[in-house]
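Data block for model-v3.txt (compact mmCIF, C-alpha atoms and all ligand atoms):
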# COMPACT_ATOMS: atom_id res chain seq x y z
CA MET S 1 -10.45 -12.50 7.05
CA ARG S 2 -7.46 -14.53 6.02
CA ARG S 3 -7.11 -13.95 2.29
CA ILE S 4 -4.95 -10.93 1.54
CA GLY S 5 -4.58 -9.21 -1.82
CA VAL S 6 -1.63 -6.81 -2.15
CA LEU S 7 -1.67 -3.91 -4.63
CA ALA S 8 1.78 -2.73 -5.77
CA SER S 9 3.39 -0.61 -8.50
CA GLY S 10 7.05 -0.28 -7.61
CA SER S 11 10.06 -2.04 -6.20
CA GLY S 12 7.83 -4.22 -4.06
CA SER S 13 10.02 -4.19 -0.96
CA ILE S 14 6.99 -3.79 1.27
CA LEU S 15 5.24 -6.65 -0.53
CA ASP S 16 8.41 -8.67 0.11
CA ALA S 17 8.21 -7.89 3.83
CA ILE S 18 4.53 -8.88 3.95
CA LEU S 19 5.37 -12.19 2.28
CA ALA S 20 8.38 -12.73 4.56
CA ALA S 21 6.07 -12.28 7.55
CA ASP S 22 4.14 -15.36 6.35
CA LEU S 23 0.93 -13.45 5.95
CA PRO S 24 -1.65 -15.25 3.80
CA VAL S 25 -1.24 -13.34 0.52
CA VAL S 26 -3.35 -15.02 -2.18
CA ALA S 27 -2.89 -12.51 -5.00
CA VAL S 28 -0.84 -9.49 -6.02
CA VAL S 29 -2.35 -6.92 -8.35
CA VAL S 30 -0.05 -4.51 -10.19
CA ASP S 31 -0.95 -1.58 -12.42
CA ARG S 32 2.27 -1.77 -14.48
CA ASP S 33 5.19 -4.06 -15.08
CA CYS S 34 7.37 -3.67 -11.97
CA ARG S 35 9.67 -5.56 -9.65
CA ALA S 36 6.75 -6.53 -7.43
CA VAL S 37 5.82 -9.02 -10.19
CA GLU S 38 9.11 -10.88 -9.74
CA ILE S 39 8.82 -10.82 -5.97
CA ALA S 40 5.33 -12.31 -6.07
CA GLY S 41 6.43 -14.85 -8.67
CA ALA S 42 9.38 -15.95 -6.52
CA SER S 43 6.92 -16.74 -3.71
CA GLY S 44 4.50 -18.52 -6.03
CA VAL S 45 1.78 -15.93 -5.47
CA PRO S 46 -0.43 -15.30 -8.53
CA VAL S 47 -0.06 -11.86 -10.10
CA GLU S 48 -2.78 -9.96 -11.94
CA LEU S 49 -1.76 -7.08 -14.18
CA VAL S 50 -4.47 -4.46 -14.58
CA GLU S 51 -2.61 -2.04 -16.75
CA ARG S 52 -3.31 1.56 -15.88
CA LYS S 53 -2.16 2.77 -19.30
CA ALA S 54 -4.78 0.61 -20.99
CA VAL S 55 -7.75 1.85 -18.92
CA LYS S 56 -8.06 5.60 -18.85
CA ASP S 57 -11.22 5.87 -16.77
CA ARG S 58 -10.39 5.47 -13.08
CA VAL S 59 -13.78 4.04 -12.09
CA GLU S 60 -13.51 1.42 -14.83
CA PHE S 61 -9.91 0.73 -13.77
CA THR S 62 -11.07 0.30 -10.16
CA HIS S 63 -13.78 -2.18 -11.25
CA GLN S 64 -11.11 -4.22 -13.02
CA VAL S 65 -8.92 -4.24 -9.90
CA VAL S 66 -11.91 -5.37 -7.80
CA ASP S 67 -12.66 -8.14 -10.32
CA ALA S 68 -9.04 -9.31 -10.17
CA LEU S 69 -9.14 -9.40 -6.35
CA GLN S 70 -12.49 -11.18 -6.30
CA ARG S 71 -11.22 -13.85 -8.71
CA HIS S 72 -8.91 -14.87 -5.84
CA ASP S 73 -11.57 -14.52 -3.11
CA VAL S 74 -9.57 -11.77 -1.43
CA GLU S 75 -10.99 -10.61 1.92
CA LEU S 76 -8.46 -7.92 2.92
CA VAL S 77 -6.70 -5.52 0.54
CA ALA S 78 -3.26 -4.10 1.40
CA MET S 79 -1.99 -1.28 -0.80
CA ALA S 80 1.82 -1.31 -0.78
CA GLY S 81 3.11 1.47 -2.97
CA PHE S 82 0.19 1.33 -5.41
CA MET S 83 0.42 4.45 -7.55
CA THR S 84 -3.09 4.68 -9.02
CA ILE S 85 -5.80 6.45 -7.05
CA LEU S 86 -8.72 4.05 -6.66
CA GLU S 87 -12.35 5.07 -6.74
CA LYS S 88 -15.47 4.17 -4.73
CA PRO S 89 -16.07 0.64 -6.16
CA ILE S 90 -13.17 -0.84 -4.18
CA PHE S 91 -14.45 0.66 -0.92
CA ASP S 92 -17.93 -0.70 -1.67
CA ALA S 93 -16.54 -4.15 -2.43
CA PHE S 94 -14.23 -4.25 0.64
CA PRO S 95 -15.81 -2.01 3.29
CA ASP S 96 -13.25 -1.15 6.00
CA ARG S 97 -11.01 -3.77 4.47
CA VAL S 98 -8.61 -1.66 2.38
CA LEU S 99 -5.32 -0.76 4.09
CA ASN S 100 -2.57 1.59 3.03
CA THR S 101 0.89 2.58 4.18
CA HIS S 102 2.05 6.13 3.60
CA PRO S 103 5.56 7.57 4.13
CA SER S 104 4.66 10.46 6.43
CA LEU S 105 2.96 11.07 9.74
CA LEU S 106 -0.54 11.75 8.42
CA PRO S 107 -2.34 14.09 8.25
CA SER S 108 0.93 15.87 7.37
CA PHE S 109 2.30 15.48 3.84
CA ARG S 110 -0.43 13.66 1.98
CA GLY S 111 0.16 12.84 -1.68
CA ALA S 112 2.73 11.22 -3.91
CA HIS S 113 5.70 13.36 -2.76
CA ALA S 114 5.42 12.97 0.99
CA VAL S 115 9.15 12.44 1.61
CA GLU S 116 10.26 15.37 -0.58
CA ASP S 117 7.56 17.57 0.94
CA ALA S 118 8.70 16.79 4.49
CA LEU S 119 12.29 17.70 3.56
CA ALA S 120 11.17 20.90 1.86
CA ALA S 121 9.13 21.90 4.91
CA GLY S 122 12.20 21.57 7.11
CA VAL S 123 10.52 19.35 9.70
CA LYS S 124 12.89 17.43 11.94
CA VAL S 125 10.73 14.34 12.33
CA THR S 126 8.58 12.50 9.82
CA GLY S 127 7.62 8.82 9.68
CA CYS S 128 5.01 6.49 8.33
CA THR S 129 1.33 5.81 8.81
CA ILE S 130 -0.66 2.62 8.37
CA HIS S 131 -4.31 3.48 7.89
CA LEU S 132 -7.65 2.28 6.60
CA ALA S 133 -8.02 3.71 3.12
CA VAL S 134 -11.10 5.73 2.19
CA PRO S 135 -12.06 7.42 -1.11
CA ASP S 136 -10.21 10.56 0.02
CA VAL S 137 -6.49 9.98 -0.72
CA ASP S 138 -4.13 9.42 2.25
CA ALA S 139 -6.95 9.86 4.75
CA GLY S 140 -8.95 7.42 6.85
CA PRO S 141 -8.64 6.01 10.37
CA ILE S 142 -5.04 5.65 11.52
CA LEU S 143 -4.05 2.18 12.71
CA ALA S 144 -0.34 2.69 13.46
CA GLN S 145 2.34 5.34 13.15
CA GLU S 146 6.03 5.53 13.85
CA ALA S 147 8.36 8.51 13.75
CA VAL S 148 11.62 8.69 11.80
CA THR S 149 14.15 11.43 12.58
CA ILE S 150 15.38 13.52 9.67
CA ARG S 151 19.18 13.87 9.61
CA ALA S 152 21.08 16.93 8.42
CA GLY S 153 21.91 16.51 4.73
CA ASP S 154 19.40 13.67 4.19
CA THR S 155 18.45 13.13 0.55
CA ALA S 156 14.90 12.09 -0.26
CA ASP S 157 16.14 8.61 -1.18
CA GLU S 158 18.07 8.16 2.05
CA LEU S 159 15.18 9.35 4.17
CA HIS S 160 12.64 7.28 2.22
CA GLU S 161 14.75 4.16 2.69
CA ARG S 162 14.81 4.67 6.49
CA ILE S 163 11.04 5.23 6.46
CA LYS S 164 10.57 2.07 4.40
CA ASP S 165 12.65 0.12 6.93
CA VAL S 166 9.98 1.03 9.45
CA GLU S 167 7.09 0.33 7.05
CA ARG S 168 8.51 -3.13 6.32
CA ARG S 169 8.14 -3.97 10.02
CA LEU S 170 5.09 -1.93 11.05
CA TYR S 171 2.81 -2.82 8.11
CA PRO S 172 3.11 -6.63 8.43
CA ASP S 173 2.72 -6.33 12.22
CA THR S 174 -0.41 -4.20 11.82
CA ILE S 175 -1.94 -6.57 9.26
CA LYS S 176 -1.18 -9.51 11.54
CA GLY S 177 -2.88 -7.72 14.42
CA LEU S 178 -6.02 -7.17 12.35
CA ILE S 179 -6.15 -10.79 11.22
CA ASP S 180 -5.63 -12.06 14.77
CA ALA S 181 -8.31 -9.71 16.13
CA ASP S 182 -10.76 -11.03 13.52
CA ALA S 183 -9.99 -14.73 14.15
C1 LIG S 201 6.36 3.08 0.48
O1 LIG S 201 7.08 4.10 1.10
C2 LIG S 201 4.87 3.37 0.55
O2 LIG S 201 4.48 4.00 1.74
C3 LIG S 201 4.70 4.30 -0.60
O3 LIG S 201 5.48 3.69 -1.62
C4 LIG S 201 6.58 3.00 -1.03
C5 LIG S 201 6.58 1.61 -1.61
O4 LIG S 201 7.83 1.01 -1.51
N1 LIG S 201 3.31 4.52 -0.91
P1 LIG S 201 8.17 -0.38 -2.25
O5 LIG S 201 7.82 -0.24 -3.72
O6 LIG S 201 7.37 -1.46 -1.59
O7 LIG S 201 9.65 -0.58 -2.02

Would you mind writing the file out in structure tokens?
Ligand code: GRF
Amino acid sequence: MRRIGVLASGSGSILDAILAADLPVVAVVVDRDCRAVEIAGASGVPVELVERKAVKDRVEFTHQVVDALQRHDVELVAMAGFMTILEKPIFDAFPDRVLNTHPSLLPSFRGAHAVEDALAAGVKVTGCTIHLAVPDVDAGPILAQEAVTIRAGDTADELHERIKDVERRLYPDTIKGLIDADA
């Protein structure tokens, strides 16, 4: 299980951390033009654009993502800020081999606004979760978690950046652990 495909949509800082950890990333799939494309390009990793806007049906979109990953013989899929919900075909193609990182301590604050939701709830501690992805969004067996303390006056951006600092360490470490355990 040494060929990793990373799925990204955004600034790609977690992708960057995975690459910096020397993990064997063989392809990056993006669903839109984003900074992750430049980051992959700078490391010489092939990028596949499966444009979400162009494929309305999510099952069809998922099939196209799976095809892109399979073109590179990917064995392990790491979602890193991928903003399209994927459907069953990816879990059939990569059983127990799709990972995700989420910026909250699951099962609290699932969904796309986890950081804002934690602030709005007034909790004092949030964090991040690395988990096996399943068809249900932001669910699935938890592999690693780490807490991040919320500071008085934190904005969502400030808090998210501190959570991402943790994700950029914990996610590569967790992936490395899985690869080593499988070797
Ligand atoms: C991370 O917080 C991840 O958990 C969430 O999106 C963010 C991605 O950050 N799903 P980046 O685009 O890699 O900087």

>> One decimal, in Å: what's the spacing between CA of Pro89 (chain S) and CA of Thr62 (chain S)?
In response: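 Rounded to one decimal, the two atoms are 6.4 Å apart.
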
> Given a cut-off of 6 Å, what residues near ligand LIG 201 (chain S) show up using all atoms listed in the file, put as a VMD selection string?
Replying inline: chain S and resid 10 to 15 80 to 81 101 to 103 164

> So how far away is CA of Ser104 (chain S) from CA of Glu167 (chain S), in Å?
Replying inline: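 Computed distance, CA of Glu167 (chain S) to CA of Ser104 (chain S), equals 10.4 Å.
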
>> Please compute the CA of Leu49 (chain S)-CA of Arg32 (chain S) distance, one decimal, in Å.
In response: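 Interatomic distance, CA of Leu49 (chain S) to CA of Arg32 (chain S): 6.7 Å.
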
>> When you count all atoms listed in the file, which of these residues is closest to Pro46 (chain S): S:Val148, S:Gly140, S:Ala68, S:Ala156?
In response: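 Between S:Val148, S:Gly140, S:Ala68, S:Ala156, the residue approaching Pro46 (chain S) most closely is S:Ala68.
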
> Got a sec: who's within 8 Å of Gln145 (chain S), counting all atoms listed in the file, leaving out chain neighbours fewer than 2 positions off, as number ranges by chain?
Replying inline: S: 105, 127-130, 142-143, 147

> Quick one: of S:Glu116, S:Glu87, S:Arg168, S:Ala133, who's nearest to Asp16 (chain S), counting all atoms listed in the file?
Replying inline: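 Counting all atoms listed in the file, the residue closest to Asp16 (chain S) is S:Arg168.
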
Place a sphere of radius 8 Å on (-3.3, -10.9, -11.4) in the file coordinates and name every protein, DNA or RNA residue with an atom inside or on its surface, counting all atoms listed in the file; give the answer as a JSON list (two decimals) with C-alpha atoms, in the coordinates of the input.
[["chain", "number", "residue", "atom", "x", "y", "z"],
["S", 27, "ALA", "CA", -2.89, -12.51, -5.00],
["S", 28, "VAL", "CA", -0.84, -9.49, -6.02],
["S", 29, "VAL", "CA", -2.35, -6.92, -8.35],
["S", 30, "VAL", "CA", -0.05, -4.51, -10.19],
["S", 46, "PRO", "CA", -0.43, -15.30, -8.53],
["S", 47, "VAL", "CA", -0.06, -11.86, -10.10],
["S", 48, "GLU", "CA", -2.78, -9.96, -11.94],
["S", 49, "LEU", "CA", -1.76, -7.08, -14.18],
["S", 50, "VAL", "CA", -4.47, -4.46, -14.58],
["S", 68, "ALA", "CA", -9.04, -9.31, -10.17],
["S", 69, "LEU", "CA", -9.14, -9.40, -6.35]]

> Within 12 Å of region 92-94 of chain S, counting all atoms listed in the file, which residues qualify if same-chain residues fewer than 4 places away don't, as a list in words?
Replying inline: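 That gives Met1, Ile4, Gly5, Thr62, His63, Gln64, Val65, Val66, Asp67, Ala68, Leu69, Gln70, Asp73, Val74, Glu75, Leu76, Val77, Ala78, Leu86, Glu87, Lys88, Val98, Leu99, Leu132, Ala133, Val134 and Pro135 of chain S.
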
> Which is closest to Glu38 (chain S) among S:Ala139, S:Ala8, S:Ala144, S:Met83, if we use all atoms listed in the file?
Replying inline: S:Ala8

>> Let me make sure I understand: among S:Ala120, S:Leu19, S:Glu146, S:Asp154, which one has the smallest atom-to-atom distance to Gly41 (chain S) if we use only C-alpha atoms?
In response: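 Answer, going by the shortest atom-to-atom distance: S:Leu19.
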
>> With all atoms listed in the file as the counted atoms, please give the residues lying no more than 12 Å from Ala152 (chain S), apart from itself and same-chain residues fewer than 3 positions off, as an NGL selection string.
In response: :S and (119 or 122-125 or 149 or 155-156 or 158-159)

>> Given all atoms listed in the file as the basis, pick out the residue of S:Arg3, S:Ile150, S:Ser9, S:Ala17 nearest to Asp165 (chain S).
In response: S:Ala17
